[in-house]
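Novice: My file is data.cif. It has mmCIF, C-alpha atoms:
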```cif
data_entry
loop_
_atom_site.group_PDB
_atom_site.id
_atom_site.type_symbol
_atom_site.label_atom_id
_atom_site.label_comp_id
_atom_site.auth_asym_id
_atom_site.auth_seq_id
_atom_site.Cartn_x
_atom_site.Cartn_y
_atom_site.Cartn_z
ATOM 1 C CA MET E 1 137.023 222.625 31.894
ATOM 2 C CA LYS E 2 139.092 220.877 29.201
ATOM 3 C CA ALA E 3 141.696 223.640 29.302
ATOM 4 C CA LEU E 4 141.999 223.278 33.071
ATOM 5 C CA GLU E 5 142.298 219.512 32.746
ATOM 6 C CA ARG E 6 145.137 219.894 30.218
ATOM 7 C CA GLU E 7 147.005 222.343 32.426
ATOM 8 C CA LEU E 8 146.647 220.166 35.519
ATOM 9 C CA ARG E 9 147.731 217.037 33.672
ATOM 10 C CA GLY E 10 150.814 218.903 32.485
ATOM 11 C CA LYS E 11 151.710 219.568 36.113
ATOM 12 C CA PHE E 12 150.333 216.556 37.995
ATOM 13 C CA GLY E 13 150.068 213.812 35.363
ATOM 14 C CA GLU E 14 148.095 210.739 36.373
ATOM 15 C CA ARG E 15 147.167 212.274 39.713
ATOM 16 C CA VAL E 16 144.427 214.141 37.851
ATOM 17 C CA ARG E 17 141.148 212.227 37.669
ATOM 18 C CA CYS E 18 137.925 213.003 35.837
ATOM 19 C CA ALA E 19 134.499 212.097 37.252
ATOM 20 C CA MET E 20 136.174 210.960 40.470
ATOM 21 C CA PRO E 21 133.675 209.274 42.854
ATOM 22 C CA LEU E 22 133.765 211.126 46.175
ATOM 23 C CA ALA E 23 131.704 208.747 48.318
ATOM 24 C CA GLU E 24 134.766 206.637 49.093
ATOM 25 C CA LEU E 25 136.590 209.753 50.337
ATOM 26 C CA THR E 26 133.958 210.864 52.856
ATOM 27 C CA SER E 27 133.205 209.442 56.288
ATOM 28 C CA PHE E 28 129.502 209.282 55.298
ATOM 29 C CA ARG E 29 130.396 207.115 52.269
ATOM 30 C CA ILE E 30 127.957 209.288 50.317
ATOM 31 C CA GLY E 31 128.436 211.586 47.336
ATOM 32 C CA GLY E 32 128.614 211.819 43.566
ATOM 33 C CA PRO E 33 131.642 212.513 41.354
ATOM 34 C CA ALA E 34 133.951 215.511 41.085
ATOM 35 C CA ASP E 35 134.375 216.888 37.576
ATOM 36 C CA LEU E 36 138.123 217.126 38.159
ATOM 37 C CA PHE E 37 140.133 215.803 41.095
ATOM 38 C CA VAL E 38 143.795 216.031 42.084
ATOM 39 C CA THR E 39 145.868 215.278 45.189
ATOM 40 C CA VAL E 40 148.547 217.858 46.026
ATOM 41 C CA GLU E 41 151.534 217.220 48.272
ATOM 42 C CA ASP E 42 152.845 220.661 49.217
ATOM 43 C CA GLU E 43 151.884 224.315 49.322
ATOM 44 C CA ALA E 44 153.444 225.098 45.931
ATOM 45 C CA GLU E 45 151.319 222.406 44.249
ATOM 46 C CA LEU E 46 148.206 223.669 45.994
ATOM 47 C CA MET E 47 148.946 227.223 44.867
ATOM 48 C CA HIS E 48 149.372 226.016 41.279
ATOM 49 C CA ALA E 49 146.088 224.074 41.280
ATOM 50 C CA LYS E 50 144.071 226.883 42.837
ATOM 51 C CA ALA E 51 145.553 229.538 40.558
ATOM 52 C CA ALA E 52 144.741 227.392 37.507
ATOM 53 C CA ALA E 53 141.123 226.930 38.625
ATOM 54 C CA TYR E 54 140.851 230.662 39.357
ATOM 55 C CA ARG E 55 142.083 231.595 35.873
ATOM 56 C CA ALA E 56 139.552 229.168 34.416
ATOM 57 C CA SER E 57 136.756 230.767 36.509
ATOM 58 C CA LEU E 58 135.984 227.390 38.089
ATOM 59 C CA THR E 59 135.389 226.633 41.754
ATOM 60 C CA CYS E 60 137.982 224.732 43.765
ATOM 61 C CA LEU E 61 136.813 222.686 46.759
ATOM 62 C CA CYS E 62 139.360 221.316 49.213
ATOM 63 C CA LEU E 63 138.626 217.875 50.624
ATOM 64 C CA GLY E 64 140.364 216.713 53.773
ATOM 65 C CA ALA E 65 139.318 213.549 55.573
ATOM 66 C CA GLY E 66 135.763 214.072 54.329
ATOM 67 C CA THR E 67 134.221 214.232 57.804
ATOM 68 C CA ASN E 68 131.468 216.680 58.765
ATOM 69 C CA LEU E 69 130.586 216.789 55.080
ATOM 70 C CA LEU E 70 127.612 215.773 52.945
ATOM 71 C CA VAL E 71 128.387 215.670 49.223
ATOM 72 C CA SER E 72 125.472 215.934 46.808
ATOM 73 C CA ASP E 73 124.428 212.824 44.884
ATOM 74 C CA ARG E 74 125.094 214.836 41.716
ATOM 75 C CA GLY E 75 128.651 215.469 42.824
ATOM 76 C CA VAL E 76 130.809 218.597 42.689
ATOM 77 C CA ARG E 77 131.326 220.857 39.694
ATOM 78 C CA GLY E 78 134.775 222.274 38.976
ATOM 79 C CA LEU E 79 137.930 221.083 40.747
ATOM 80 C CA VAL E 80 138.250 219.132 43.983
ATOM 81 C CA VAL E 81 141.699 219.208 45.584
ATOM 82 C CA ARG E 82 142.743 216.764 48.258
ATOM 83 C CA LEU E 83 145.666 217.495 50.571
ATOM 84 C CA GLY E 84 148.138 214.606 50.508
ATOM 85 C CA ASP E 85 150.534 213.200 53.086
ATOM 86 C CA GLY E 86 152.843 216.190 52.701
ATOM 87 C CA PHE E 87 150.312 218.212 54.676
ATOM 88 C CA GLY E 88 150.181 215.703 57.531
ATOM 89 C CA LYS E 89 153.340 216.646 59.454
ATOM 90 C CA ILE E 90 153.369 217.709 63.125
ATOM 91 C CA LYS E 91 156.294 219.672 64.606
ATOM 92 C CA ILE E 92 156.696 220.403 68.320
ATOM 93 C CA ASP E 93 159.178 222.961 69.699
ATOM 94 C CA ASP E 94 158.766 223.421 73.443
ATOM 95 C CA THR E 95 155.152 224.692 73.780
ATOM 96 C CA LYS E 96 154.850 225.764 70.143
ATOM 97 C CA VAL E 97 153.214 223.292 67.773
ATOM 98 C CA VAL E 98 152.793 223.417 64.003
ATOM 99 C CA ALA E 99 150.392 220.910 62.466
ATOM 100 C CA GLY E 100 149.712 220.343 58.785
ATOM 101 C CA ALA E 101 146.104 220.747 57.707
ATOM 102 C CA ALA E 102 145.865 217.079 56.687
ATOM 103 C CA ALA E 103 147.173 215.752 60.013
ATOM 104 C CA ALA E 104 144.551 213.700 61.832
ATOM 105 C CA PHE E 105 143.165 215.690 64.758
ATOM 106 C CA GLY E 106 143.444 212.627 66.977
ATOM 107 C CA ALA E 107 147.109 212.170 66.035
ATOM 108 C CA LEU E 108 147.805 215.777 67.001
ATOM 109 C CA VAL E 109 146.150 215.262 70.393
ATOM 110 C CA GLN E 110 148.221 212.146 71.080
ATOM 111 C CA ALA E 111 151.450 213.821 69.959
ATOM 112 C CA VAL E 112 151.103 216.853 72.227
ATOM 113 C CA VAL E 113 149.839 214.911 75.242
ATOM 114 C CA ASP E 114 152.801 212.574 74.890
ATOM 115 C CA GLN E 115 155.009 215.666 75.249
ATOM 116 C CA GLY E 116 153.127 216.818 78.352
ATOM 117 C CA LEU E 117 151.384 219.717 76.593
ATOM 118 C CA GLU E 118 147.831 220.696 77.492
ATOM 119 C CA GLY E 119 145.101 222.552 75.642
ATOM 120 C CA LEU E 120 143.981 220.042 73.019
ATOM 121 C CA GLU E 121 142.775 217.107 75.147
ATOM 122 C CA PHE E 122 139.174 217.863 74.168
ATOM 123 C CA GLY E 123 140.034 216.752 70.633
ATOM 124 C CA GLU E 124 140.380 213.071 71.541
ATOM 125 C CA GLY E 125 137.929 211.234 69.335
ATOM 126 C CA ILE E 126 137.057 214.206 67.123
ATOM 127 C CA PRO E 127 137.170 212.811 63.584
ATOM 128 C CA GLY E 128 138.824 214.489 60.655
ATOM 129 C CA THR E 129 141.867 216.658 60.180
ATOM 130 C CA VAL E 130 143.441 219.709 61.773
ATOM 131 C CA GLY E 131 142.309 221.845 58.829
ATOM 132 C CA GLY E 132 138.730 220.652 59.128
ATOM 133 C CA GLY E 133 138.823 221.162 62.877
ATOM 134 C CA LEU E 134 140.012 224.740 62.382
ATOM 135 C CA VAL E 135 137.290 225.534 59.848
ATOM 136 C CA MET E 136 134.599 224.264 62.236
ATOM 137 C CA ASN E 137 136.307 225.588 65.386
ATOM 138 C CA ALA E 138 136.098 222.045 66.686
ATOM 139 C CA GLY E 139 135.406 221.662 70.368
ATOM 140 C CA ALA E 140 134.020 219.389 73.055
ATOM 141 C CA PHE E 141 133.870 219.030 76.832
ATOM 142 C CA GLY E 142 134.460 222.746 77.376
ATOM 143 C CA GLY E 143 137.452 223.103 75.062
ATOM 144 C CA GLU E 144 137.776 224.414 71.521
ATOM 145 C CA ILE E 145 140.527 224.907 68.988
ATOM 146 C CA ALA E 146 140.155 228.712 69.001
ATOM 147 C CA LYS E 147 141.651 228.938 72.490
ATOM 148 C CA VAL E 148 145.089 227.654 71.451
ATOM 149 C CA VAL E 149 145.568 228.825 67.837
ATOM 150 C CA THR E 150 148.075 231.594 67.105
ATOM 151 C CA LEU E 151 148.398 231.575 63.295
ATOM 152 C CA VAL E 152 146.621 229.957 60.343
ATOM 153 C CA HIS E 153 148.499 229.476 57.072
ATOM 154 C CA GLY E 154 146.722 228.888 53.779
ATOM 155 C CA VAL E 155 146.200 229.653 50.119
ATOM 156 C CA SER E 156 143.745 232.191 48.725
ATOM 157 C CA GLU E 157 141.172 231.666 45.986
ATOM 158 C CA ALA E 158 143.654 233.083 43.464
ATOM 159 C CA GLY E 159 146.459 230.779 44.622
ATOM 160 C CA GLU E 160 148.418 233.139 46.882
ATOM 161 C CA ALA E 161 149.963 232.166 50.242
ATOM 162 C CA ILE E 162 148.382 233.961 53.222
ATOM 163 C CA ALA E 163 148.856 233.832 56.997
ATOM 164 C CA LEU E 164 146.057 234.907 59.345
ATOM 165 C CA THR E 165 146.356 235.734 63.025
ATOM 166 C CA ARG E 166 143.891 234.312 65.525
ATOM 167 C CA ASP E 167 141.955 237.594 65.591
ATOM 168 C CA GLU E 168 141.770 237.734 61.795
ATOM 169 C CA VAL E 169 140.205 234.272 61.700
ATOM 170 C CA LYS E 170 137.224 235.506 63.794
ATOM 171 C CA PHE E 171 136.285 232.326 65.609
ATOM 172 C CA ALA E 172 132.694 231.678 66.650
ATOM 173 C CA TYR E 173 130.793 228.671 67.976
ATOM 174 C CA ARG E 174 131.517 225.774 65.599
ATOM 175 C CA ARG E 175 132.533 228.057 62.765
ATOM 176 C CA THR E 176 135.155 230.523 61.589
ATOM 177 C CA GLU E 177 135.102 233.487 59.236
ATOM 178 C CA LEU E 178 137.820 232.784 56.694
ATOM 179 C CA PRO E 179 138.340 234.473 53.307
ATOM 180 C CA ALA E 180 136.165 232.975 50.559
ATOM 181 C CA HIS E 181 137.643 229.745 49.147
ATOM 182 C CA PHE E 182 140.644 229.955 51.497
ATOM 183 C CA VAL E 183 142.381 226.574 51.925
ATOM 184 C CA ILE E 184 144.264 225.939 55.169
ATOM 185 C CA THR E 185 147.734 224.396 54.813
ATOM 186 C CA ARG E 186 148.995 224.395 58.425
ATOM 187 C CA VAL E 187 148.093 225.751 61.850
ATOM 188 C CA ASP E 188 150.313 227.167 64.623
ATOM 189 C CA PHE E 189 149.381 226.489 68.253
ATOM 190 C CA GLU E 190 150.656 227.752 71.590
ATOM 191 C CA LEU E 191 150.030 225.207 74.352
ATOM 192 C CA ALA E 192 150.897 225.050 78.043
ATOM 193 C CA ARG E 193 153.043 222.681 80.067
ATOM 194 C CA GLY E 194 151.061 220.095 82.007
ATOM 195 C CA ASP E 195 151.434 216.817 83.837
ATOM 196 C CA ARG E 196 151.794 214.081 81.221
ATOM 197 C CA ALA E 197 150.207 211.355 83.359
ATOM 198 C CA GLN E 198 147.208 213.534 84.205
ATOM 199 C CA LEU E 199 146.776 214.564 80.579
ATOM 200 C CA MET E 200 146.881 210.949 79.400
ATOM 201 C CA ALA E 201 144.299 210.013 82.035
ATOM 202 C CA ARG E 202 142.058 212.865 80.877
ATOM 203 C CA VAL E 203 142.322 211.765 77.247
ATOM 204 C CA ALA E 204 141.493 208.175 78.189
ATOM 205 C CA GLU E 205 138.457 209.410 80.133
ATOM 206 C CA LEU E 206 137.169 211.448 77.198
ATOM 207 C CA LYS E 207 137.786 208.566 74.806
ATOM 208 C CA ALA E 208 135.656 206.276 76.984
ATOM 209 C CA ARG E 209 132.878 208.866 77.214
ATOM 210 C CA ARG E 210 132.750 209.245 73.434
ATOM 211 C CA ALA E 211 132.762 205.492 72.858
ATOM 212 C CA SER E 212 129.785 205.035 75.167
ATOM 213 C CA ARG E 213 127.716 207.809 73.594
ATOM 214 C CA GLN E 214 128.478 207.888 69.880
ATOM 215 C CA PRO E 215 127.863 205.375 67.071
ATOM 216 C CA ARG E 216 130.916 203.379 66.027
ATOM 217 C CA GLY E 217 131.585 201.153 63.057
ATOM 218 C CA VAL E 218 128.894 202.714 60.850
ATOM 219 C CA PRO E 219 129.474 205.560 58.350
ATOM 220 C CA ASN E 220 128.471 208.983 59.664
ATOM 221 C CA ALA E 221 129.619 212.600 59.522
ATOM 222 C CA GLY E 222 129.744 213.352 63.233
ATOM 223 C CA SER E 223 127.249 215.667 64.904
ATOM 224 C CA ILE E 224 124.567 216.801 62.478
ATOM 225 C CA PHE E 225 123.412 219.898 64.383
ATOM 226 C CA LYS E 226 125.129 222.488 66.545
ATOM 227 C CA ASN E 227 124.033 222.704 70.161
ATOM 228 C CA PRO E 228 121.749 225.730 70.627
ATOM 229 C CA PRO E 229 122.699 228.083 73.488
ATOM 230 C CA GLY E 230 122.038 226.348 76.800
ATOM 231 C CA LYS E 231 120.636 223.208 75.165
ATOM 232 C CA PHE E 232 121.782 219.938 73.580
ATOM 233 C CA ALA E 233 120.706 219.184 70.028
ATOM 234 C CA GLY E 234 120.605 215.442 70.759
ATOM 235 C CA LYS E 235 118.122 215.946 73.598
ATOM 236 C CA LEU E 236 115.884 218.128 71.435
ATOM 237 C CA LEU E 237 115.943 215.590 68.615
ATOM 238 C CA GLU E 238 115.181 212.733 70.971
ATOM 239 C CA GLY E 239 112.366 214.737 72.545
ATOM 240 C CA ALA E 240 110.871 215.215 69.077
ATOM 241 C CA GLY E 241 110.817 211.429 68.581
ATOM 242 C CA LEU E 242 113.526 211.378 65.914
ATOM 243 C CA LYS E 243 115.890 208.833 67.444
ATOM 244 C CA GLY E 244 115.988 205.827 65.108
ATOM 245 C CA THR E 245 113.910 207.539 62.384
ATOM 246 C CA ARG E 246 114.888 206.111 59.011
ATOM 247 C CA LEU E 247 114.562 207.218 55.400
ATOM 248 C CA GLY E 248 115.954 204.812 52.824
ATOM 249 C CA GLY E 249 119.501 203.930 53.833
ATOM 250 C CA ALA E 250 119.881 206.845 56.255
ATOM 251 C CA ALA E 251 118.691 207.026 59.863
ATOM 252 C CA PHE E 252 119.100 208.983 63.081
ATOM 253 C CA SER E 253 121.254 206.788 65.297
ATOM 254 C CA ASP E 254 119.585 204.674 67.972
ATOM 255 C CA GLN E 255 122.584 205.477 70.173
ATOM 256 C CA HIS E 256 122.721 209.253 69.798
ATOM 257 C CA ALA E 257 119.975 211.258 68.081
ATOM 258 C CA ASN E 258 122.376 213.944 66.828
ATOM 259 C CA PHE E 259 124.071 211.483 64.483
ATOM 260 C CA ILE E 260 122.714 210.355 61.128
ATOM 261 C CA VAL E 261 124.198 207.039 60.034
ATOM 262 C CA ASN E 262 124.503 205.395 56.642
ATOM 263 C CA LEU E 263 122.981 201.938 57.092
ATOM 264 C CA GLY E 264 123.932 200.971 53.552
ATOM 265 C CA GLY E 265 123.411 202.681 50.229
ATOM 266 C CA ALA E 266 122.165 205.946 51.725
ATOM 267 C CA GLN E 267 121.739 208.866 49.365
ATOM 268 C CA ALA E 268 122.630 212.474 50.125
ATOM 269 C CA ALA E 269 119.056 213.452 49.304
ATOM 270 C CA GLU E 270 117.805 211.094 52.026
ATOM 271 C CA VAL E 271 120.162 212.602 54.605
ATOM 272 C CA ARG E 272 119.131 216.118 53.633
ATOM 273 C CA ALA E 273 115.456 215.157 53.876
ATOM 274 C CA LEU E 274 116.051 213.835 57.400
ATOM 275 C CA ILE E 275 117.821 217.079 58.326
ATOM 276 C CA ASP E 276 114.957 219.202 57.000
ATOM 277 C CA MET E 277 112.351 217.024 58.714
ATOM 278 C CA ALA E 278 114.219 217.151 62.029
ATOM 279 C CA ARG E 279 114.545 220.931 61.960
ATOM 280 C CA ALA E 280 110.813 221.314 61.349
ATOM 281 C CA LYS E 281 109.839 218.840 64.093
ATOM 282 C CA VAL E 282 112.171 220.319 66.702
ATOM 283 C CA LYS E 283 110.934 223.815 65.860
ATOM 284 C CA GLU E 284 107.345 222.649 66.320
ATOM 285 C CA GLN E 285 108.123 220.704 69.504
ATOM 286 C CA SER E 286 110.558 223.041 71.261
ATOM 287 C CA GLY E 287 110.491 226.339 69.381
ATOM 288 C CA VAL E 288 114.195 225.950 68.559
ATOM 289 C CA TRP E 289 115.508 226.230 64.991
ATOM 290 C CA LEU E 290 118.507 223.904 64.822
ATOM 291 C CA GLU E 291 121.546 224.973 62.822
ATOM 292 C CA PRO E 292 123.345 222.206 60.893
ATOM 293 C CA GLU E 293 126.943 221.491 61.831
ATOM 294 C CA VAL E 294 127.501 219.237 58.827
ATOM 295 C CA LYS E 295 128.360 221.122 55.627
ATOM 296 C CA LEU E 296 126.460 220.432 52.397
ATOM 297 C CA VAL E 297 128.649 220.766 49.302
ATOM 298 C CA GLY E 298 128.266 220.096 45.615
ATOM 299 C CA ASP E 299 125.523 220.386 43.041
ATOM 300 C CA TRP E 300 122.205 220.351 44.902
#
```
Starting from the file, give its structure as structure tokens.

Specialist:
Amino acid sequence: MKALERELRGKFGERVRCAMPLAELTSFRIGGPADLFVTVEDEAELMHAKAAAYRASLTCLCLGAGTNLLVSDRGVRGLVVRLGDGFGKIKIDDTKVVAGAAAAFGALVQAVVDQGLEGLEFGEGIPGTVGGGLVMNAGAFGGEIAKVVTLVHGVSEAGEAIALTRDEVKFAYRRTELPAHFVITRVDFELARGDRAQLMARVAELKARRASRQPRGVPNAGSIFKNPPGKFAGKLLEGAGLKGTRLGGAAFSDQHANFIVNLGGAQAAEVRALIDMARAKVKEQSGVWLEPEVKLVGDW
């Protein structure tokens, strides 16, 4: 670990932090420290950091906007890399769009709709980044990112640049099959021409629907469970009496049962306990075994 720290400091200087608290970098506002932490600003820096961690036989976790993520109270061993503003650019050329992995998903939606391009309207209100959305095959209201992706660029575990076609990514419901420890740097999309006014109206409609159904102004990680085939996780959770159930500083939202909110000082262990309890109760009540959508990372 010390050798890796020395190498990273030689390259990145004061950007390298030890025992970096991660709670402030997640939408849940939960999580312990990273052993080592650095922000990188371009693909070359990311390749350097990942190659250094690989040579040191240490894991390297990439942290985007920290949504859809539950970090252990004990934190994350090894290196945590955060993609900086250099990965937040969006380029539009006719119907072809290239978005950096750190670009906000909502900003991408607004940018393409403003150009009269359709195919990403479903993403209005989805928290997090383009990279995170790709990893989870983000979707809503009948749309999903898999339908419009053409190429995914990234860096391998060993620090090498790789580009994957849509078929190589192997999209599935709310997940993708990417190479182990692959970090996305940018995503290529192919969209279609649409009516700008109609697209803007559609986005406004979806924004209003989300605002009326989902908790706002309180830390959360988005949907906790994936929707089982033909069912809604929120309905199953509500039917099992879990809406509003609280453990310590964490609770299932009173507004939408498929959201766990941090009411203040919540611990990752409390959130995980609520997840485990909910899965058991829904299984008993409905015979359905819910699959978490939120990712648990770190030292559990």

Novice: Name the residues in contact with segment 236-241 of chain E at a cut-off of 6 Å, using all atoms listed in the file, excluding same-chain residues fewer than 3 positions from it; report them as a ChimeraX atom specification.

Specialist: /E:233,257,282

Novice: For the residues in that selection, give me C-alpha atoms as an mmCIF file, in the coordinates of the input.

Specialist:
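The resulting file, again-v4.cif, is reproduced below:
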```
data_model
loop_
_atom_site.group_PDB
_atom_site.id
_atom_site.type_symbol
_atom_site.label_atom_id
_atom_site.label_comp_id
_atom_site.auth_asym_id
_atom_site.auth_seq_id
_atom_site.Cartn_x
_atom_site.Cartn_y
_atom_site.Cartn_z
ATOM 1 C CA ALA E 233 120.706 219.184 70.028
ATOM 2 C CA ALA E 257 119.975 211.258 68.081
ATOM 3 C CA VAL E 282 112.171 220.319 66.702
#
```

Novice: Determine the nearest neighbour of Gly298 of chain E from the options E:Ala146, E:Ala278, E:Ala269, E:Ala49, counting all atoms listed in the file.

Specialist: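 The closest residue to Gly298 of chain E is E:Ala269.
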
Novice: Between atom CA of Pro179 of chain E and atom CA of Gly13 of chain E, what is the distance in Å, rounded to a tenth?

Specialist: 29.8 Å

Novice: Given the choices E:Val218, E:Leu61, E:Val16, E:Ile126, which gets closest to Val203 of chain E if the distance is worked out from only C-alpha atoms?

Specialist: E:Ile126

Novice: To verify the selection step, state as a ChimeraX atom specification which residues the PyMOL selection byres ((chain E and resi 143) around 12) yields on this input.

Specialist: /E:118-124,126,137-142,144-148,173-174,206

Novice: The PyMOL selection byres ((chain E and resi 109) around 12) - which residues does that actually catch in the file I just gave you? List them as a PyMOL selection string.

Specialist: chain E and resi 90+92+97+99+103-108+110-127+129-130+145+189+191+199-200+202-204+206-207

Novice: Mind pulling up the distance from atom CA of Leu134 of chain E to atom CA of Ile260 of chain E?

Specialist: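 Distance reported for this atom pair: 22.5 Å.
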
Novice: So how far away is atom CA of Leu36 of chain E from atom CA of Glu5 of chain E, in Å?

Specialist: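 Computed distance, atom CA of Glu5 of chain E to atom CA of Leu36 of chain E, equals 7.2 Å.
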
Novice: Measuring between all atoms listed in the file, which one of E:Gly132, E:Gly31, E:Gly249, E:Pro219 shows the shortest distance to Leu83 of chain E?

Specialist: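 Smallest separation from Leu83 of chain E among the options: E:Gly132.
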
Novice: Which polymer residues have any atom within 8 Å of an atom of Ala53 of chain E, counting only C-alpha atoms, with same-chain residues fewer than 5 positions away left out, as a ChimeraX atom specification?

Specialist: /E:4,58-60,78-79

Novice: On this file, the PyMOL selection byres ((chain E and resi 263) around 12) gives some set of residues; write that set as number ranges by chain.

Specialist: E: 28-30, 215, 217-220, 244-254, 260-262, 264-267, 270-271

Novice: Taking all atoms of segment 22-39 of chain E that the file lists and extending 6 Å past them on each side, where is the centre of the axis-aligned box and how long are its edges? Answer in Å to one decimal, as AutoDock Vina command-line options.

Specialist:
```
--center_x 136.9 --center_y 211.9 --center_z 46.9 --size_x 29.9 --size_y 22.5 --size_z 30.7
```

Novice: Hey, what's within 8 Å of Gly75 of chain E if we count only C-alpha atoms and toss same-chain stuff fewer than 6 positions away? As a list of chain:residue names, please?

Specialist: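 Result of the neighbour search: E:Pro21, E:Leu22, E:Gly31, E:Gly32, E:Pro33, E:Ala34, E:Asp35, E:Gly298, E:Asp299.
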
Novice: Just checking: using only C-alpha atoms, which residue out of E:Ser72, E:Lys295, E:Leu8, E:Ala211 ends up closest to Val135 of chain E?

Specialist: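 Once distances to Val135 of chain E are computed over only C-alpha atoms, the minimum belongs to E:Lys295.
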
Novice: Around the point (137.7, 234.1, 39.9) in the file's coordinates, collect all residues with an atom within 12 Å, using all atoms listed in the file, and return them as a count of residues only.

Specialist: 17

Novice: Can you work out which one of E:Val288, E:Glu45, E:Val81, E:Gly128 has the shortest atom-to-atom distance to Pro229 of chain E, counting all atoms listed in the file?

Specialist: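 Nearest candidate to Pro229 of chain E out of E:Val288, E:Glu45, E:Val81, E:Gly128: E:Val288.
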
Novice: Name the closest residue to Met20 of chain E among the candidates E:Ala102, E:Val76, E:Val294, E:Ile162; distances are taken between atoms, counting only C-alpha atoms.

Specialist: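 Result for the nearest residue to Met20 of chain E: E:Val76.
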
Novice: Taking the point (150.5, 229.3, 64.3) as given in the file, collect each protein or nucleic acid residue that comes within 10 Å of it, counting only C-alpha atoms, and present the set as a VMD selection string.

Specialist: chain E and resid 96 to 99 148 to 153 163 to 166 186 to 190

Novice: I need segment 236-241 of chain E from the structure I supplied, saved as a PDB file, in the first residue's frame with all heavy atoms retained.

Specialist:
```pdb
ATOM      1  N   LEU E 236     -44.822  -4.718  -3.960  1.00  0.00           N
ATOM      2  CA  LEU E 236     -44.564  -5.897  -3.136  1.00  0.00           C
ATOM      3  C   LEU E 236     -44.090  -5.493  -1.742  1.00  0.00           C
ATOM      4  O   LEU E 236     -44.512  -6.075  -0.737  1.00  0.00           O
ATOM      5  CB  LEU E 236     -43.520  -6.788  -3.802  1.00  0.00           C
ATOM      6  CG  LEU E 236     -43.936  -7.446  -5.124  1.00  0.00           C
ATOM      7  CD1 LEU E 236     -42.742  -8.129  -5.778  1.00  0.00           C
ATOM      8  CD2 LEU E 236     -45.061  -8.438  -4.899  1.00  0.00           C
ATOM      9  N   LEU E 237     -43.238  -4.494  -1.682  1.00  0.00           N
ATOM     10  CA  LEU E 237     -42.731  -4.017  -0.396  1.00  0.00           C
ATOM     11  C   LEU E 237     -43.850  -3.391   0.437  1.00  0.00           C
ATOM     12  O   LEU E 237     -43.951  -3.623   1.648  1.00  0.00           O
ATOM     13  CB  LEU E 237     -41.608  -3.005  -0.630  1.00  0.00           C
ATOM     14  CG  LEU E 237     -40.315  -3.592  -1.219  1.00  0.00           C
ATOM     15  CD1 LEU E 237     -39.464  -2.488  -1.832  1.00  0.00           C
ATOM     16  CD2 LEU E 237     -39.524  -4.324  -0.149  1.00  0.00           C
ATOM     17  N   GLU E 238     -44.683  -2.606  -0.235  1.00  0.00           N
ATOM     18  CA  GLU E 238     -45.801  -1.986   0.470  1.00  0.00           C
ATOM     19  C   GLU E 238     -46.785  -3.046   0.960  1.00  0.00           C
ATOM     20  O   GLU E 238     -47.309  -2.962   2.085  1.00  0.00           O
ATOM     21  CB  GLU E 238     -46.504  -0.988  -0.445  1.00  0.00           C
ATOM     22  CG  GLU E 238     -47.550  -0.138   0.251  1.00  0.00           C
ATOM     23  CD  GLU E 238     -48.060   0.999  -0.615  1.00  0.00           C
ATOM     24  OE1 GLU E 238     -47.484   1.254  -1.690  1.00  0.00           O
ATOM     25  OE2 GLU E 238     -49.045   1.651  -0.197  1.00  0.00           O
ATOM     26  N   GLY E 239     -47.021  -4.066   0.126  1.00  0.00           N
ATOM     27  CA  GLY E 239     -47.917  -5.139   0.510  1.00  0.00           C
ATOM     28  C   GLY E 239     -47.409  -5.936   1.696  1.00  0.00           C
ATOM     29  O   GLY E 239     -48.196  -6.527   2.451  1.00  0.00           O
ATOM     30  N   ALA E 240     -46.079  -5.940   1.883  1.00  0.00           N
ATOM     31  CA  ALA E 240     -45.477  -6.652   3.009  1.00  0.00           C
ATOM     32  C   ALA E 240     -45.391  -5.764   4.255  1.00  0.00           C
ATOM     33  O   ALA E 240     -44.802  -6.163   5.265  1.00  0.00           O
ATOM     34  CB  ALA E 240     -44.095  -7.163   2.626  1.00  0.00           C
ATOM     35  N   GLY E 241     -45.970  -4.557   4.169  1.00  0.00           N
ATOM     36  CA  GLY E 241     -46.003  -3.664   5.329  1.00  0.00           C
ATOM     37  C   GLY E 241     -44.709  -2.962   5.634  1.00  0.00           C
ATOM     38  O   GLY E 241     -44.485  -2.522   6.771  1.00  0.00           O
TER      39      GLY E 241
END
```
